[in-house]
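Chemist: Quick one, final19.cif (mmCIF, C-alpha atoms and all ligand atoms):
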```cif
data_work
#
loop_
_atom_site.label_atom_id
_atom_site.label_comp_id
_atom_site.auth_asym_id
_atom_site.auth_seq_id
_atom_site.Cartn_x
_atom_site.Cartn_y
_atom_site.Cartn_z
CA MET X 1 9.92 -9.47 42.13
CA HIS X 2 9.11 -6.35 40.20
CA ALA X 3 6.39 -6.49 37.53
CA MET X 4 4.15 -4.41 35.32
CA GLN X 5 0.66 -5.60 36.19
CA LEU X 6 -2.75 -5.15 34.62
CA GLU X 7 -5.46 -4.63 37.23
CA GLN X 8 -8.11 -3.19 34.99
CA THR X 9 -8.26 -3.01 31.18
CA GLY X 10 -8.17 0.35 29.45
CA PRO X 11 -6.87 2.09 26.34
CA ALA X 12 -3.11 2.01 25.88
CA SER X 13 -3.10 5.83 25.98
CA ALA X 14 -4.39 5.63 29.59
CA ARG X 15 -1.43 3.36 30.54
CA PRO X 16 -3.38 0.55 32.22
CA LEU X 17 -0.22 -1.23 33.48
CA ARG X 18 0.99 -0.43 37.00
CA PRO X 19 4.45 -1.12 38.45
CA VAL X 20 4.19 -3.47 41.44
CA ASP X 21 6.53 -5.30 43.79
CA LEU X 22 5.36 -8.80 44.64
CA PRO X 23 6.87 -11.71 46.54
CA ASP X 24 9.01 -13.93 44.29
CA PRO X 25 6.81 -16.73 42.95
CA SER X 26 7.93 -20.27 43.71
CA PRO X 27 7.71 -23.03 41.14
CA GLY X 28 5.30 -25.89 41.78
CA ALA X 29 5.83 -29.50 40.77
CA GLY X 30 7.02 -29.70 37.17
CA GLU X 31 7.62 -25.96 36.98
CA ILE X 32 10.68 -23.74 36.78
CA LEU X 33 11.28 -20.22 38.06
CA LEU X 34 13.03 -17.99 35.56
CA ARG X 35 14.92 -14.79 36.17
CA VAL X 36 13.58 -12.89 33.17
CA THR X 37 16.09 -10.95 31.07
CA ALA X 38 13.91 -9.98 28.09
CA CYS X 39 10.24 -10.10 27.15
CA GLY X 40 8.78 -9.26 23.75
CA VAL X 41 5.72 -7.04 23.44
CA CYS X 42 3.04 -8.58 21.23
CA ARG X 43 -0.16 -7.18 19.72
CA THR X 44 -2.02 -9.80 21.78
CA ASP X 45 -0.68 -8.13 24.95
CA LEU X 46 -2.19 -4.89 23.70
CA GLN X 47 -5.53 -6.61 23.05
CA ILE X 48 -5.47 -8.12 26.56
CA CYS X 49 -4.62 -4.76 28.17
CA GLU X 50 -7.26 -2.87 26.18
CA GLY X 51 -9.93 -5.54 26.74
CA ASP X 52 -10.39 -6.58 23.09
CA LEU X 53 -9.62 -10.03 24.46
CA ALA X 54 -11.77 -10.72 27.52
CA SER X 55 -9.66 -11.07 30.67
CA HIS X 56 -9.14 -14.62 31.94
CA LYS X 57 -7.63 -13.47 35.23
CA LEU X 58 -7.07 -10.10 36.89
CA PRO X 59 -4.71 -8.86 38.01
CA ILE X 60 -2.38 -10.39 35.43
CA VAL X 61 1.20 -9.81 34.38
CA PRO X 62 1.18 -9.83 30.55
CA GLY X 63 3.97 -10.99 28.27
CA HIS X 64 4.49 -14.26 26.42
CA GLN X 65 7.84 -13.91 24.64
CA ILE X 66 10.00 -14.52 27.67
CA VAL X 67 13.73 -15.16 27.72
CA GLY X 68 15.43 -15.89 31.02
CA ARG X 69 17.70 -18.08 33.08
CA VAL X 70 16.46 -20.95 35.20
CA GLU X 71 16.81 -19.92 38.83
CA VAL X 72 14.85 -22.58 40.74
CA LEU X 73 13.67 -26.05 39.72
CA GLY X 74 10.34 -27.28 41.04
CA SER X 75 10.04 -30.87 42.21
CA GLY X 76 10.22 -33.55 39.55
CA VAL X 77 11.70 -31.32 36.86
CA THR X 78 14.06 -33.10 34.48
CA GLY X 79 15.95 -31.76 31.48
CA TRP X 80 16.65 -28.32 32.92
CA GLN X 81 19.52 -27.12 35.13
CA VAL X 82 19.82 -23.98 37.20
CA GLY X 83 21.46 -21.34 34.95
CA ASP X 84 20.11 -22.71 31.65
CA ARG X 85 18.73 -20.20 29.18
CA ALA X 86 15.06 -20.87 28.46
CA GLY X 87 12.25 -19.33 26.43
CA VAL X 88 8.58 -19.26 27.37
CA ALA X 89 5.91 -18.62 24.76
CA TRP X 90 2.14 -18.20 24.47
CA LEU X 91 1.19 -21.83 25.02
CA ALA X 92 1.67 -22.25 28.78
CA GLY X 93 0.17 -25.72 29.12
CA VAL X 94 -2.30 -28.25 27.75
CA ASP X 95 -4.09 -31.25 29.27
CA GLY X 96 -2.48 -33.74 26.88
CA THR X 97 -5.62 -35.88 27.01
CA CYS X 98 -8.32 -34.17 24.93
CA VAL X 99 -9.14 -35.30 21.41
CA HIS X 100 -7.06 -32.51 19.87
CA CYS X 101 -3.98 -33.14 22.01
CA ARG X 102 -4.15 -36.84 21.21
CA ALA X 103 -4.34 -35.97 17.50
CA GLY X 104 -1.11 -33.93 17.74
CA ARG X 105 -2.93 -30.61 17.61
CA GLU X 106 -2.25 -29.29 21.09
CA ASN X 107 -2.73 -25.75 19.77
CA LEU X 108 -6.48 -26.56 19.77
CA CYS X 109 -6.53 -28.06 23.31
CA VAL X 110 -9.85 -27.43 25.04
CA ALA X 111 -8.06 -26.84 28.35
CA ALA X 112 -5.06 -24.88 27.06
CA GLU X 113 -3.59 -22.18 29.29
CA PHE X 114 -1.84 -19.15 27.91
CA THR X 115 1.10 -17.16 29.24
CA GLY X 116 0.18 -13.63 30.21
CA TRP X 117 -3.56 -14.37 29.91
CA ASP X 118 -4.21 -17.34 32.24
CA ARG X 119 -0.82 -17.35 33.95
CA ASP X 120 1.41 -14.45 34.85
CA GLY X 121 3.84 -13.64 32.05
CA GLY X 122 7.13 -11.91 31.48
CA TYR X 123 6.58 -8.19 32.04
CA ALA X 124 8.47 -8.91 35.25
CA THR X 125 11.86 -9.74 36.71
CA HIS X 126 10.70 -13.32 37.44
CA ALA X 127 8.23 -15.77 35.93
CA VAL X 128 7.15 -19.35 36.57
CA ALA X 129 6.52 -21.73 33.69
CA ARG X 130 5.81 -25.41 33.12
CA ALA X 131 9.20 -27.02 32.47
CA ASP X 132 7.78 -29.16 29.65
CA PHE X 133 6.59 -26.01 27.84
CA ALA X 134 9.86 -24.08 28.19
CA LEU X 135 11.94 -23.94 25.03
CA ARG X 136 15.65 -24.20 24.27
CA LEU X 137 16.84 -21.14 22.39
CA PRO X 138 19.46 -21.26 19.64
CA GLU X 139 22.93 -19.90 20.30
CA GLY X 140 23.78 -16.81 18.32
CA PHE X 141 20.74 -14.83 19.42
CA ALA X 142 21.18 -12.38 22.28
CA ASP X 143 18.28 -12.49 24.76
CA LEU X 144 16.69 -9.30 23.37
CA ASP X 145 16.92 -10.67 19.82
CA ALA X 146 15.58 -14.12 20.71
CA ALA X 147 12.42 -12.81 22.43
CA PRO X 148 10.53 -11.79 19.25
CA LEU X 149 11.07 -15.26 17.78
CA LEU X 150 8.86 -16.73 20.51
CA CYS X 151 5.53 -15.36 19.28
CA ALA X 152 5.99 -13.10 16.28
CA GLY X 153 8.34 -15.69 14.80
CA VAL X 154 6.49 -18.87 15.71
CA ILE X 155 2.99 -17.69 14.83
CA GLY X 156 4.29 -16.22 11.57
CA TYR X 157 5.86 -19.59 10.76
CA ARG X 158 2.68 -21.51 11.56
CA SER X 159 0.69 -19.03 9.46
CA LEU X 160 2.96 -19.69 6.49
CA LYS X 161 2.37 -23.42 6.94
CA MET X 162 -1.41 -22.91 7.23
CA SER X 163 -1.42 -20.82 4.03
CA GLY X 164 -0.16 -23.91 2.21
CA ILE X 165 2.59 -21.92 0.49
CA ALA X 166 5.29 -24.07 -1.11
CA PRO X 167 8.89 -23.11 -1.94
CA GLY X 168 9.14 -20.87 -4.99
CA GLN X 169 5.47 -19.86 -4.98
CA ARG X 170 3.89 -16.40 -4.95
CA LEU X 171 3.03 -15.33 -1.37
CA GLY X 172 1.05 -12.32 -0.19
CA LEU X 173 1.66 -10.74 3.23
CA TYR X 174 -1.00 -8.25 4.41
CA GLY X 175 0.27 -5.99 7.17
CA PHE X 176 3.98 -5.77 7.92
CA GLY X 177 4.58 -5.61 11.66
CA ALA X 178 6.80 -7.80 13.84
CA SER X 179 5.44 -11.15 12.69
CA ALA X 180 5.51 -10.39 8.95
CA THR X 181 9.05 -9.00 9.28
CA LEU X 182 10.16 -12.46 10.44
CA ALA X 183 7.85 -14.47 8.14
CA ILE X 184 9.20 -12.79 5.00
CA GLN X 185 12.70 -13.97 5.89
CA ILE X 186 11.46 -17.58 6.03
CA ALA X 187 9.54 -17.19 2.78
CA ARG X 188 12.58 -15.72 1.02
CA HIS X 189 14.70 -18.58 2.43
CA TRP X 190 12.18 -20.93 0.74
CA GLY X 191 12.63 -19.01 -2.51
CA CYS X 192 9.09 -17.59 -2.51
CA ARG X 193 8.23 -14.43 -4.42
CA VAL X 194 6.69 -12.10 -1.84
CA PHE X 195 4.08 -9.38 -2.40
CA VAL X 196 3.35 -7.11 0.57
CA CYS X 197 0.30 -4.92 1.18
CA THR X 198 0.44 -2.37 3.99
CA ARG X 199 -0.69 1.18 4.60
CA SER X 200 2.52 2.42 6.21
CA PRO X 201 5.25 3.91 3.97
CA ALA X 202 7.90 2.85 6.54
CA GLU X 203 6.63 -0.75 6.44
CA LYS X 204 6.66 -0.74 2.62
CA GLU X 205 10.29 0.35 2.72
CA ARG X 206 11.17 -2.34 5.25
CA ALA X 207 9.41 -4.99 3.15
CA LEU X 208 11.41 -4.04 0.06
CA ALA X 209 14.64 -4.12 2.07
CA LEU X 210 13.76 -7.67 3.22
CA GLY X 211 13.23 -8.93 -0.31
CA ALA X 212 9.60 -8.18 -1.20
CA GLU X 213 9.18 -8.09 -4.98
CA TRP X 214 6.25 -5.68 -4.86
CA VAL X 215 4.63 -3.47 -2.20
CA GLY X 216 1.29 -1.69 -2.27
CA GLY X 217 -1.62 -0.51 -0.17
CA TYR X 218 -4.49 -2.71 1.05
CA ASP X 219 -6.63 -1.42 -1.80
CA GLU X 220 -4.03 -2.30 -4.44
CA LYS X 221 -3.90 -5.71 -6.03
CA PRO X 222 -0.56 -7.52 -6.45
CA PRO X 223 0.39 -7.84 -10.14
CA GLU X 224 0.05 -11.64 -10.09
CA GLN X 225 -2.42 -13.94 -8.36
CA LEU X 226 -1.22 -15.27 -5.02
CA GLN X 227 -0.71 -18.97 -4.29
CA GLY X 228 -1.01 -18.31 -0.56
CA ALA X 229 -1.50 -15.30 1.68
CA VAL X 230 -1.22 -14.42 5.34
CA THR X 231 -3.08 -11.48 6.89
CA PHE X 232 -1.55 -9.88 9.98
CA ALA X 233 -3.73 -6.77 10.30
CA PRO X 234 -6.67 -7.44 12.68
CA ALA X 235 -9.15 -6.10 10.13
CA GLY X 236 -11.74 -8.05 8.17
CA ASN X 237 -11.47 -5.72 5.18
CA VAL X 238 -7.84 -6.75 4.83
CA VAL X 239 -8.86 -10.44 4.85
CA ALA X 240 -11.36 -9.70 2.07
CA ALA X 241 -8.67 -7.89 0.07
CA ALA X 242 -6.31 -10.86 0.40
CA LEU X 243 -9.02 -13.28 -0.67
CA SER X 244 -9.70 -11.23 -3.80
CA ALA X 245 -6.02 -11.53 -4.80
CA LEU X 246 -5.82 -15.34 -4.56
CA ASP X 247 -5.23 -17.81 -7.34
CA ARG X 248 -7.57 -20.82 -7.63
CA GLY X 249 -7.17 -23.39 -4.86
CA ALA X 250 -5.17 -21.03 -2.64
CA THR X 251 -5.64 -20.14 1.03
CA VAL X 252 -5.65 -16.99 3.14
CA ALA X 253 -4.34 -17.77 6.63
CA ILE X 254 -5.64 -15.21 9.14
CA ASN X 255 -3.00 -14.53 11.77
CA ALA X 256 -5.26 -12.82 14.30
CA ILE X 257 -6.67 -13.89 17.64
CA HIS X 258 -9.09 -10.98 17.38
CA LEU X 259 -10.58 -9.53 14.19
CA ASP X 260 -12.75 -6.40 14.13
CA ARG X 261 -15.42 -7.92 11.88
CA VAL X 262 -15.90 -10.13 8.85
CA PRO X 263 -17.32 -8.10 5.95
CA GLU X 264 -19.58 -9.52 3.29
CA ILE X 265 -17.49 -11.19 0.60
CA ALA X 266 -18.36 -11.96 -3.01
CA TYR X 267 -18.77 -15.71 -3.41
CA ALA X 268 -16.90 -15.48 -6.72
CA ASN X 269 -13.79 -14.65 -4.67
CA LEU X 270 -14.12 -17.87 -2.66
CA TRP X 271 -15.20 -20.09 -5.60
CA TRP X 272 -12.56 -22.36 -7.22
CA GLU X 273 -11.68 -23.94 -3.90
CA ARG X 274 -10.15 -20.87 -2.37
CA SER X 275 -10.08 -21.05 1.45
CA LEU X 276 -10.06 -18.75 4.44
CA ARG X 277 -8.69 -20.19 7.67
CA SER X 278 -7.79 -18.80 11.04
CA VAL X 279 -4.50 -19.67 12.74
CA ALA X 280 -4.92 -20.50 16.43
CA ASN X 281 -1.87 -20.57 18.69
CA PHE X 282 0.91 -23.01 17.86
CA THR X 283 2.29 -26.33 19.00
CA ARG X 284 5.60 -26.89 20.74
CA ASP X 285 6.78 -28.60 17.54
CA ASP X 286 6.04 -25.42 15.59
CA ALA X 287 8.14 -23.49 18.10
CA ARG X 288 11.06 -25.93 17.91
CA GLU X 289 10.96 -25.95 14.10
CA LEU X 290 10.92 -22.16 13.93
CA LEU X 291 13.76 -21.80 16.43
CA SER X 292 15.99 -24.16 14.48
CA LEU X 293 15.07 -22.50 11.18
CA ALA X 294 15.84 -19.10 12.73
CA ALA X 295 19.37 -20.28 13.47
CA ILE X 296 19.88 -21.78 9.99
CA ILE X 297 18.65 -18.78 7.94
CA PRO X 298 19.65 -16.89 10.21
CA ILE X 299 16.63 -14.67 10.90
CA ARG X 300 17.48 -11.08 11.83
CA THR X 301 15.16 -9.46 14.33
CA GLU X 302 14.74 -5.71 14.11
CA ARG X 303 13.71 -4.36 17.47
CA GLU X 304 13.27 -1.43 19.79
CA SER X 305 14.11 -2.04 23.44
CA TYR X 306 12.47 -0.51 26.50
CA ALA X 307 13.00 -0.61 30.25
CA LEU X 308 10.51 -2.90 32.03
CA ASP X 309 8.76 0.08 33.63
CA ASP X 310 8.22 1.56 30.16
CA ALA X 311 6.05 -1.38 29.03
CA GLY X 312 3.11 1.03 28.78
CA VAL X 313 5.09 3.27 26.42
CA ALA X 314 5.86 0.27 24.21
CA LEU X 315 2.18 -0.76 24.13
CA GLU X 316 1.08 2.76 23.27
CA ARG X 317 3.61 2.98 20.43
CA LEU X 318 2.45 -0.43 19.20
CA SER X 319 -1.17 0.72 19.25
CA ARG X 320 -0.20 3.69 17.08
CA GLY X 321 1.74 1.53 14.63
CA GLU X 322 5.00 3.29 15.52
CA VAL X 323 7.17 0.32 16.50
CA ARG X 324 9.88 -0.63 13.99
CA GLY X 325 9.96 -4.42 13.93
CA SER X 326 9.45 -5.77 17.46
CA ALA X 327 9.33 -4.06 20.84
CA VAL X 328 11.24 -5.87 23.59
CA LEU X 329 11.44 -5.12 27.33
CA LYS X 330 14.76 -5.34 29.18
CA CYS X 331 13.65 -7.04 32.37
CA GLY X 332 16.91 -7.86 34.12
ZN ZN X 401 -5.88 -31.02 25.17
ZN ZN X 402 1.94 -12.99 20.76
#
```
Just give me the structure of the file as structure tokens.
Modeler:
Amino acid sequence: MHAMQLEQTGPASARPLRPVDLPDPSPGAGEILLRVTACGVCRTDLQICEGDLASHKLPIVPGHQIVGRVEVLGSGVTGWQVGDRAGVAWLAGVDGTCVHCRAGRENLCVAAEFTGWDRDGGYATHAVARADFALRLPEGFADLDAAPLLCAGVIGYRSLKMSGIAPGQRLGLYGFGASATLAIQIARHWGCRVFVCTRSPAEKERALALGAEWVGGYDEKPPEQLQGAVTFAPAGNVVAAALSALDRGATVAINAIHLDRVPEIAYANLWWERSLRSVANFTRDDARELLSLAAIIPIRTERESYALDDAGVALERLSRGEVRGSAVLKCG
């Protein structure tokens, strides 16, 4: 197989991914081998490549928004046939036995493995995944359009749930990259009024086109207090800004696996039962719910596509905030 592999972390501008040819992997018991057709490029991939997230395994093939066709079934696999279309997302596997798994919160599993961090991911022509963690994708989405649903879509959806926002309420979105572009479509489907803060003029324009009622910078306050907010920018100052815009009893959900810092906040902004909470990974149920919602709405993914060997270009553009919507690699 051909892959873009990370041997050593480094800044995106130094192009830390190298093209490599490796023997085709073979699926173990309970696993499937996919011929990858598309793989989304996520900010988490950038953080893994640049070393903001400590490496779990090197070398590693990044990529956790994988769309492909089942090519080989490992022993004992049921429910999948050769030729089926399948998606593989961030959660690569859990133990199923820890206290969190048994409580239905597998996203918090103490032994969770992650695609493109613990296990080789989809910046490749082939990838192996646990069959019970592979996802059915809705018809009506081409492979390149389905890929961004698998992380940007699912984590955005879980973040909305964690913010406690209810249909018709006032929602704040802070940062307007791939995930927010999909989350706003769900929020509008729920009849929420959406207020978007972002620095980028292009993102403000895109937010208005997708139904935002108001757009402003991070230092501007939405005209009404928010009943829920999600922050997408990996910056603590943005979290503090969102908190200061909340109504009583409301929550800021922080959609970030890595945050630069947490600044001092005025307790008055947290008082009245306001909450800050992080959003960690997602469950397979979150993924299934989002994928069926995506088909019903239907969610439109805006994307740029790149050849597999140009993964480094995509990461560099992402690091500069230049990607419109989602970046997706054409792998096959
Ligand atoms: Zn567990
Ligand atoms: Zn991701």
Chemist: Per residue of chain X within 12 Å of ligand ZN 401 (chain X), note the shortest atom pair and the distance in Å to one decimal, counting only C-alpha atoms and all ligand atoms, and order the rows by chain and increasing residue number, as a tab-separated table.
Modeler:
```
residue	atom	partner	partner_atom	distance
X:Leu91	CA	X:ZN401	ZN	11.6
X:Gly93	CA	X:ZN401	ZN	9.0
X:Val94	CA	X:ZN401	ZN	5.2
X:Asp95	CA	X:ZN401	ZN	4.5
X:Gly96	CA	X:ZN401	ZN	4.7
X:Thr97	CA	X:ZN401	ZN	5.2
X:Cys98	CA	X:ZN401	ZN	4.0
X:Val99	CA	X:ZN401	ZN	6.6
X:His100	CA	X:ZN401	ZN	5.6
X:Cys101	CA	X:ZN401	ZN	4.3
X:Arg102	CA	X:ZN401	ZN	7.2
X:Ala103	CA	X:ZN401	ZN	9.3
X:Gly104	CA	X:ZN401	ZN	9.3
X:Arg105	CA	X:ZN401	ZN	8.1
X:Glu106	CA	X:ZN401	ZN	5.7
X:Asn107	CA	X:ZN401	ZN	8.2
X:Leu108	CA	X:ZN401	ZN	7.0
X:Cys109	CA	X:ZN401	ZN	3.6
X:Val110	CA	X:ZN401	ZN	5.4
X:Ala111	CA	X:ZN401	ZN	5.7
X:Ala112	CA	X:ZN401	ZN	6.5
X:Glu113	CA	X:ZN401	ZN	10.0
X:Thr283	CA	X:ZN401	ZN	11.3
```
Chemist: Any idea what's packed within 9 Å of Arg18 of chain X, counting all atoms listed in the file, ignoring anything in its chain fewer than 3 positions away? Could you give it as a ChimeraX atom specification?
Modeler: /X:3-7,15,309,312
Chemist: Around ligand ZN 402 (chain X), out to 7 Å and counting all atoms listed in the file, which residues are there? I want them as a list of chain:residue names.
Modeler: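 Final answer, ordered by chain and number: X:Cys42, X:Arg43, X:Thr44, X:Asp45, X:His64, X:Trp90, X:Cys151, X:Ala152.
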Chemist: Just the residues within 7 Å of Ala127 of chain X, please, counting all atoms listed in the file, with nothing from its chain fewer than 2 positions along; format it as a VMD selection string.
Modeler: chain X and resid 33 to 36 121 to 122 124 129
Chemist: Have a look at X:Leu17, X:Ile184, X:Ile32, X:Met162 and name the one nearest to Val252 of chain X; count all atoms listed in the file.
Modeler: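 Checking each candidate against Val252 of chain X, we get X:Met162 as the closest.
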Chemist: How far is it from atom CA of His126 of chain X to atom CA of Gly177 of chain X, in Å with one decimal?
Modeler: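 Separating atom CA of His126 of chain X from atom CA of Gly177 of chain X is a distance of 27.6 Å.
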Chemist: What separation in Å, quoted to one decimal, exists between atom CA of Ile155 of chain X and atom CA of Ala250 of chain X?
Modeler: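 So the two atoms, atom CA of Ile155 of chain X and atom CA of Ala250 of chain X, lie 19.6 Å apart.
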Chemist: For each of X:Ile165, X:Leu173, X:Val70, X:Pro222, take the minimum atom-to-atom distance to Trp190 of chain X, counting only C-alpha atoms, then give the residue where this is smallest.
Modeler: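 Going through X:Ile165, X:Leu173, X:Val70, X:Pro222 one by one, the smallest distance to Trp190 of chain X is for X:Ile165.
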Chemist: Would you mind putting all heavy atoms back on segment 181-190 of chain X and writing the result as a PDB file, in the coordinates of the input?
Modeler:
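Result went into part21.pdb, see below:
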```pdb
ATOM      1  N   THR X 181       7.624  -9.302   9.457  1.00  0.00           N
ATOM      2  CA  THR X 181       9.050  -9.000   9.280  1.00  0.00           C
ATOM      3  C   THR X 181       9.901 -10.270   9.409  1.00  0.00           C
ATOM      4  O   THR X 181      10.933 -10.413   8.756  1.00  0.00           O
ATOM      5  CB  THR X 181       9.492  -7.967  10.341  1.00  0.00           C
ATOM      6  OG1 THR X 181       8.701  -6.796  10.167  1.00  0.00           O
ATOM      7  CG2 THR X 181      10.940  -7.590  10.207  1.00  0.00           C
ATOM      8  N   LEU X 182       9.447 -11.196  10.269  1.00  0.00           N
ATOM      9  CA  LEU X 182      10.160 -12.460  10.440  1.00  0.00           C
ATOM     10  C   LEU X 182       9.701 -13.476   9.386  1.00  0.00           C
ATOM     11  O   LEU X 182      10.505 -14.207   8.811  1.00  0.00           O
ATOM     12  CB  LEU X 182       9.958 -12.993  11.856  1.00  0.00           C
ATOM     13  CG  LEU X 182      10.375 -12.006  12.966  1.00  0.00           C
ATOM     14  CD1 LEU X 182      10.069 -12.573  14.340  1.00  0.00           C
ATOM     15  CD2 LEU X 182      11.845 -11.655  12.867  1.00  0.00           C
ATOM     16  N   ALA X 183       8.380 -13.492   9.101  1.00  0.00           N
ATOM     17  CA  ALA X 183       7.850 -14.470   8.140  1.00  0.00           C
ATOM     18  C   ALA X 183       8.443 -14.268   6.750  1.00  0.00           C
ATOM     19  O   ALA X 183       8.712 -15.238   6.034  1.00  0.00           O
ATOM     20  CB  ALA X 183       6.325 -14.364   8.084  1.00  0.00           C
ATOM     21  N   ILE X 184       8.668 -13.027   6.347  1.00  0.00           N
ATOM     22  CA  ILE X 184       9.200 -12.790   5.000  1.00  0.00           C
ATOM     23  C   ILE X 184      10.599 -13.393   4.865  1.00  0.00           C
ATOM     24  O   ILE X 184      10.973 -13.881   3.792  1.00  0.00           O
ATOM     25  CB  ILE X 184       9.209 -11.279   4.640  1.00  0.00           C
ATOM     26  CG1 ILE X 184       9.480 -11.096   3.134  1.00  0.00           C
ATOM     27  CG2 ILE X 184      10.219 -10.512   5.458  1.00  0.00           C
ATOM     28  CD1 ILE X 184       9.376  -9.663   2.657  1.00  0.00           C
ATOM     29  N   GLN X 185      11.345 -13.409   5.959  1.00  0.00           N
ATOM     30  CA  GLN X 185      12.700 -13.970   5.890  1.00  0.00           C
ATOM     31  C   GLN X 185      12.652 -15.485   5.675  1.00  0.00           C
ATOM     32  O   GLN X 185      13.501 -16.050   4.979  1.00  0.00           O
ATOM     33  CB  GLN X 185      13.475 -13.619   7.165  1.00  0.00           C
ATOM     34  CG  GLN X 185      13.656 -12.106   7.338  1.00  0.00           C
ATOM     35  CD  GLN X 185      14.423 -11.758   8.606  1.00  0.00           C
ATOM     36  OE1 GLN X 185      15.510 -12.261   8.852  1.00  0.00           O
ATOM     37  NE2 GLN X 185      13.845 -10.887   9.422  1.00  0.00           N
ATOM     38  N   ILE X 186      11.638 -16.136   6.260  1.00  0.00           N
ATOM     39  CA  ILE X 186      11.460 -17.580   6.030  1.00  0.00           C
ATOM     40  C   ILE X 186      11.021 -17.816   4.591  1.00  0.00           C
ATOM     41  O   ILE X 186      11.552 -18.679   3.889  1.00  0.00           O
ATOM     42  CB  ILE X 186      10.413 -18.149   7.015  1.00  0.00           C
ATOM     43  CG1 ILE X 186      10.872 -17.939   8.459  1.00  0.00           C
ATOM     44  CG2 ILE X 186      10.155 -19.625   6.730  1.00  0.00           C
ATOM     45  CD1 ILE X 186       9.782 -18.179   9.490  1.00  0.00           C
ATOM     46  N   ALA X 187      10.058 -17.022   4.143  1.00  0.00           N
ATOM     47  CA  ALA X 187       9.540 -17.190   2.780  1.00  0.00           C
ATOM     48  C   ALA X 187      10.635 -16.960   1.745  1.00  0.00           C
ATOM     49  O   ALA X 187      10.733 -17.697   0.755  1.00  0.00           O
ATOM     50  CB  ALA X 187       8.376 -16.226   2.553  1.00  0.00           C
ATOM     51  N   ARG X 188      11.483 -15.978   1.961  1.00  0.00           N
ATOM     52  CA  ARG X 188      12.580 -15.720   1.020  1.00  0.00           C
ATOM     53  C   ARG X 188      13.591 -16.874   1.074  1.00  0.00           C
ATOM     54  O   ARG X 188      14.141 -17.270   0.057  1.00  0.00           O
ATOM     55  CB  ARG X 188      13.256 -14.377   1.346  1.00  0.00           C
ATOM     56  CG  ARG X 188      12.381 -13.148   1.097  1.00  0.00           C
ATOM     57  CD  ARG X 188      12.042 -12.966  -0.386  1.00  0.00           C
ATOM     58  NE  ARG X 188      13.247 -12.768  -1.172  1.00  0.00           N
ATOM     59  CZ  ARG X 188      13.476 -13.321  -2.369  1.00  0.00           C
ATOM     60  NH1 ARG X 188      12.582 -14.107  -2.913  1.00  0.00           N
ATOM     61  NH2 ARG X 188      14.614 -13.099  -2.991  1.00  0.00           N
ATOM     62  N   HIS X 189      13.808 -17.416   2.277  1.00  0.00           N
ATOM     63  CA  HIS X 189      14.700 -18.580   2.430  1.00  0.00           C
ATOM     64  C   HIS X 189      14.155 -19.762   1.611  1.00  0.00           C
ATOM     65  O   HIS X 189      14.925 -20.553   1.058  1.00  0.00           O
ATOM     66  CB  HIS X 189      14.776 -18.936   3.917  1.00  0.00           C
ATOM     67  CG  HIS X 189      15.583 -20.156   4.235  1.00  0.00           C
ATOM     68  ND1 HIS X 189      16.965 -20.191   4.129  1.00  0.00           N
ATOM     69  CD2 HIS X 189      15.212 -21.402   4.653  1.00  0.00           C
ATOM     70  CE1 HIS X 189      17.395 -21.400   4.471  1.00  0.00           C
ATOM     71  NE2 HIS X 189      16.359 -22.146   4.795  1.00  0.00           N
ATOM     72  N   TRP X 190      12.820 -19.876   1.527  1.00  0.00           N
ATOM     73  CA  TRP X 190      12.180 -20.930   0.740  1.00  0.00           C
ATOM     74  C   TRP X 190      12.106 -20.573  -0.753  1.00  0.00           C
ATOM     75  O   TRP X 190      11.530 -21.318  -1.542  1.00  0.00           O
ATOM     76  CB  TRP X 190      10.758 -21.187   1.256  1.00  0.00           C
ATOM     77  CG  TRP X 190      10.691 -21.873   2.584  1.00  0.00           C
ATOM     78  CD1 TRP X 190      11.679 -22.598   3.189  1.00  0.00           C
ATOM     79  CD2 TRP X 190       9.564 -21.912   3.481  1.00  0.00           C
ATOM     80  NE1 TRP X 190      11.238 -23.083   4.408  1.00  0.00           N
ATOM     81  CE2 TRP X 190       9.947 -22.679   4.606  1.00  0.00           C
ATOM     82  CE3 TRP X 190       8.271 -21.375   3.444  1.00  0.00           C
ATOM     83  CZ2 TRP X 190       9.096 -22.928   5.680  1.00  0.00           C
ATOM     84  CZ3 TRP X 190       7.413 -21.625   4.511  1.00  0.00           C
ATOM     85  CH2 TRP X 190       7.820 -22.387   5.617  1.00  0.00           C
TER      86      TRP X 190
END
```
